[in-house]
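Q: After the C-alpha coordinates below, expect a handful of questions from me.
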Amino acid sequence: MTEKEMVKISIEEFSRLQDYMLEDGKDAKAYKIMLRRYLDLKAILQSFGINLTDIDRIKE
(Lines give C-alpha, C1' and ligand atoms only; values in the text may rest on other atoms or scores of the structure.)
Protein backbone atom coordinates (compact mmCIF):
# COMPACT_ATOMS: atom_id res chain seq x y z
CA MET A 1 0.00 0.00 0.00
CA THR A 2 1.38 3.38 -0.94
CA GLU A 3 1.45 6.35 1.40
CA LYS A 4 -1.21 8.11 -0.68
CA GLU A 5 -3.52 5.09 -0.39
CA MET A 6 -2.94 4.96 3.37
CA VAL A 7 -3.76 8.67 3.74
CA LYS A 8 -6.88 8.30 1.60
CA ILE A 9 -8.16 5.35 3.62
CA SER A 10 -7.39 7.09 6.91
CA ILE A 11 -9.22 10.26 5.87
CA GLU A 12 -12.24 8.25 4.75
CA GLU A 13 -12.31 6.31 8.01
CA PHE A 14 -11.81 9.52 10.04
CA SER A 15 -14.76 11.13 8.28
CA ARG A 16 -17.00 8.07 8.63
CA LEU A 17 -16.14 7.69 12.31
CA GLN A 18 -16.97 11.33 12.99
CA ASP A 19 -20.38 10.82 11.36
CA TYR A 20 -21.07 7.90 13.72
CA MET A 21 -19.87 9.87 16.75
CA LEU A 22 -22.00 12.89 15.92
CA GLU A 23 -25.04 10.74 15.14
CA ASP A 24 -24.87 8.64 18.32
CA GLY A 25 -23.76 11.39 20.69
CA LYS A 26 -21.54 11.23 23.76
CA ASP A 27 -24.08 9.18 25.70
CA ALA A 28 -23.75 6.17 23.39
CA LYS A 29 -22.17 3.07 24.94
CA ALA A 30 -19.66 2.80 22.11
CA TYR A 31 -18.62 6.48 22.19
CA LYS A 32 -15.48 5.84 24.30
CA ILE A 33 -14.32 3.17 21.85
CA MET A 34 -15.05 5.44 18.88
CA LEU A 35 -13.22 8.30 20.62
CA ARG A 36 -10.11 6.12 21.06
CA ARG A 37 -10.10 5.27 17.33
CA TYR A 38 -10.80 8.91 16.47
CA LEU A 39 -7.71 9.98 18.45
CA ASP A 40 -5.62 7.23 16.80
CA LEU A 41 -6.68 8.34 13.33
CA LYS A 42 -6.10 11.98 14.21
CA ALA A 43 -2.52 11.16 15.27
CA ILE A 44 -1.92 9.12 12.10
CA LEU A 45 -3.19 11.92 9.86
CA GLN A 46 -1.17 14.56 11.70
CA SER A 47 1.96 12.40 11.33
CA PHE A 48 1.37 12.52 7.56
CA GLY A 49 1.20 16.30 7.77
CA ILE A 50 -2.54 16.52 7.08
CA ASN A 51 -4.13 19.77 8.25
CA LEU A 52 -7.21 18.69 10.19
CA THR A 53 -8.70 22.17 10.56
CA ASP A 54 -11.32 21.67 7.86
CA ILE A 55 -12.09 17.98 8.33
CA ASP A 56 -12.16 17.64 12.14
CA ARG A 57 -15.78 18.08 13.20
CA ILE A 58 -15.40 16.60 16.71
CA LYS A 59 -12.44 18.73 17.89
CA GLU A 60 -11.41 16.59 20.91
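Residues in the C-alpha coordinates are named by chain (A, B, ... in the order shown) and by number from 1 within that chain; ligands are numbered from 1 in the order shown.
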Find the residues around Tyr38 in chain A up to 12 Å (only C-alpha atoms counted), leave out those fewer than 4 positions away in its own chain, and share them as a PyMOL selection string.

A: chain A and resi 10-22+31-34+42-45+56-60

Q: Please extract the residues of chain A with a backbone DSSP assignment of helix (DSSP H, G or I) and present them as JSON, numbers by chain.

A: {"A": [3, 4, 5, 6, 7, 8, 9, 10, 11, 12, 13, 14, 15, 16, 17, 18, 19, 20, 21, 22, 23, 24, 31, 32, 33, 34, 35, 36, 37, 38, 39, 40, 41, 42, 43, 44, 45, 46, 47]}

Q: Please save N, CA and C atoms of the selected residues as an mmCIF file, in the first residue's frame.

A:
data_model
loop_
_atom_site.group_PDB
_atom_site.id
_atom_site.type_symbol
_atom_site.label_atom_id
_atom_site.label_comp_id
_atom_site.auth_asym_id
_atom_site.auth_seq_id
_atom_site.Cartn_x
_atom_site.Cartn_y
_atom_site.Cartn_z
ATOM 1 N N GLU A 3 1.768 5.345 0.385
ATOM 2 C CA GLU A 3 1.450 6.354 1.403
ATOM 3 C C GLU A 3 0.167 7.101 1.042
ATOM 4 N N LYS A 4 0.002 7.405 -0.238
ATOM 5 C CA LYS A 4 -1.210 8.106 -0.678
ATOM 6 C C LYS A 4 -2.461 7.275 -0.408
ATOM 7 N N GLU A 5 -2.383 5.971 -0.663
ATOM 8 C CA GLU A 5 -3.519 5.092 -0.391
ATOM 9 C C GLU A 5 -3.822 5.048 1.107
ATOM 10 N N MET A 6 -2.778 4.993 1.920
ATOM 11 C CA MET A 6 -2.942 4.965 3.372
ATOM 12 C C MET A 6 -3.600 6.250 3.872
ATOM 13 N N VAL A 7 -3.170 7.378 3.356
ATOM 14 C CA VAL A 7 -3.757 8.668 3.740
ATOM 15 C C VAL A 7 -5.218 8.721 3.324
ATOM 16 N N LYS A 8 -5.506 8.294 2.097
ATOM 17 C CA LYS A 8 -6.883 8.302 1.596
ATOM 18 C C LYS A 8 -7.789 7.454 2.480
ATOM 19 N N ILE A 9 -7.370 6.257 2.785
ATOM 20 C CA ILE A 9 -8.158 5.351 3.619
ATOM 21 C C ILE A 9 -8.352 5.932 5.014
ATOM 22 N N SER A 10 -7.306 6.506 5.569
ATOM 23 C CA SER A 10 -7.388 7.092 6.912
ATOM 24 C C SER A 10 -8.342 8.281 6.953
ATOM 25 N N ILE A 11 -8.301 9.121 5.934
ATOM 26 C CA ILE A 11 -9.218 10.265 5.871
ATOM 27 C C ILE A 11 -10.658 9.787 5.746
ATOM 28 N N GLU A 12 -10.887 8.784 4.903
ATOM 29 C CA GLU A 12 -12.239 8.250 4.747
ATOM 30 C C GLU A 12 -12.751 7.658 6.058
ATOM 31 N N GLU A 13 -11.913 6.907 6.742
ATOM 32 C CA GLU A 13 -12.309 6.312 8.014
ATOM 33 C C GLU A 13 -12.541 7.390 9.077
ATOM 34 N N PHE A 14 -11.676 8.405 9.098
ATOM 35 C CA PHE A 14 -11.809 9.520 10.035
ATOM 36 C C PHE A 14 -13.150 10.223 9.834
ATOM 37 N N SER A 15 -13.502 10.472 8.597
ATOM 38 C CA SER A 15 -14.765 11.134 8.275
ATOM 39 C C SER A 15 -15.961 10.270 8.675
ATOM 40 N N ARG A 16 -15.913 8.998 8.320
ATOM 41 C CA ARG A 16 -17.003 8.069 8.629
ATOM 42 C C ARG A 16 -17.184 7.939 10.143
ATOM 43 N N LEU A 17 -16.092 7.822 10.860
ATOM 44 C CA LEU A 17 -16.141 7.688 12.311
ATOM 45 C C LEU A 17 -16.743 8.934 12.955
ATOM 46 N N GLN A 18 -16.393 10.096 12.462
ATOM 47 C CA GLN A 18 -16.973 11.330 12.994
ATOM 48 C C GLN A 18 -18.486 11.365 12.766
ATOM 49 N N ASP A 19 -18.938 10.887 11.620
ATOM 50 C CA ASP A 19 -20.377 10.816 11.361
ATOM 51 C C ASP A 19 -21.065 9.954 12.416
ATOM 52 N N TYR A 20 -20.486 8.789 12.712
ATOM 53 C CA TYR A 20 -21.067 7.900 13.724
ATOM 54 C C TYR A 20 -21.075 8.574 15.096
ATOM 55 N N MET A 21 -19.971 9.227 15.445
ATOM 56 C CA MET A 21 -19.866 9.872 16.754
ATOM 57 C C MET A 21 -20.885 10.998 16.900
ATOM 58 N N LEU A 22 -21.042 11.786 15.877
ATOM 59 C CA LEU A 22 -21.999 12.889 15.924
ATOM 60 C C LEU A 22 -23.436 12.376 15.937
ATOM 61 N N GLU A 23 -23.692 11.311 15.206
ATOM 62 C CA GLU A 23 -25.041 10.742 15.141
ATOM 63 C C GLU A 23 -25.447 10.109 16.474
ATOM 64 N N ASP A 24 -24.540 9.359 17.083
ATOM 65 C CA ASP A 24 -24.865 8.639 18.317
ATOM 66 C C ASP A 24 -24.773 9.508 19.566
ATOM 67 N N TYR A 31 -19.289 5.198 22.445
ATOM 68 C CA TYR A 31 -18.619 6.475 22.193
ATOM 69 C C TYR A 31 -17.161 6.453 22.642
ATOM 70 N N LYS A 32 -16.872 5.874 23.804
ATOM 71 C CA LYS A 32 -15.483 5.837 24.297
ATOM 72 C C LYS A 32 -14.578 5.051 23.354
ATOM 73 N N ILE A 33 -15.097 3.975 22.800
ATOM 74 C CA ILE A 33 -14.319 3.174 21.848
ATOM 75 C C ILE A 33 -14.105 3.960 20.561
ATOM 76 N N MET A 34 -15.170 4.622 20.092
ATOM 77 C CA MET A 34 -15.051 5.436 18.879
ATOM 78 C C MET A 34 -14.082 6.593 19.112
ATOM 79 N N LEU A 35 -14.121 7.193 20.303
ATOM 80 C CA LEU A 35 -13.222 8.299 20.617
ATOM 81 C C LEU A 35 -11.763 7.843 20.586
ATOM 82 N N ARG A 36 -11.478 6.652 21.093
ATOM 83 C CA ARG A 36 -10.115 6.119 21.063
ATOM 84 C C ARG A 36 -9.633 5.978 19.620
ATOM 85 N N ARG A 37 -10.474 5.432 18.743
ATOM 86 C CA ARG A 37 -10.097 5.271 17.332
ATOM 87 C C ARG A 37 -9.970 6.623 16.653
ATOM 88 N N TYR A 38 -10.854 7.542 16.991
ATOM 89 C CA TYR A 38 -10.798 8.910 16.467
ATOM 90 C C TYR A 38 -9.437 9.539 16.791
ATOM 91 N N LEU A 39 -8.996 9.404 18.044
ATOM 92 C CA LEU A 39 -7.715 9.983 18.448
ATOM 93 C C LEU A 39 -6.550 9.291 17.748
ATOM 94 N N ASP A 40 -6.652 7.971 17.556
ATOM 95 C CA ASP A 40 -5.619 7.232 16.804
ATOM 96 C C ASP A 40 -5.518 7.750 15.375
ATOM 97 N N LEU A 41 -6.671 7.865 14.717
ATOM 98 C CA LEU A 41 -6.681 8.345 13.331
ATOM 99 C C LEU A 41 -6.191 9.780 13.232
ATOM 100 N N LYS A 42 -6.544 10.586 14.196
ATOM 101 C CA LYS A 42 -6.098 11.979 14.208
ATOM 102 C C LYS A 42 -4.566 12.037 14.296
ATOM 103 N N ALA A 43 -3.984 11.205 15.147
ATOM 104 C CA ALA A 43 -2.524 11.159 15.272
ATOM 105 C C ALA A 43 -1.871 10.664 13.981
ATOM 106 N N ILE A 44 -2.463 9.654 13.361
ATOM 107 C CA ILE A 44 -1.924 9.122 12.100
ATOM 108 C C ILE A 44 -1.943 10.199 11.024
ATOM 109 N N LEU A 45 -3.070 10.883 10.887
ATOM 110 C CA LEU A 45 -3.187 11.916 9.860
ATOM 111 C C LEU A 45 -2.240 13.082 10.127
ATOM 112 N N GLN A 46 -2.100 13.472 11.371
ATOM 113 C CA GLN A 46 -1.174 14.559 11.703
ATOM 114 C C GLN A 46 0.268 14.152 11.411
ATOM 115 N N SER A 47 0.599 12.865 11.625
ATOM 116 C CA SER A 47 1.956 12.403 11.329
ATOM 117 C C SER A 47 2.258 12.459 9.830
#
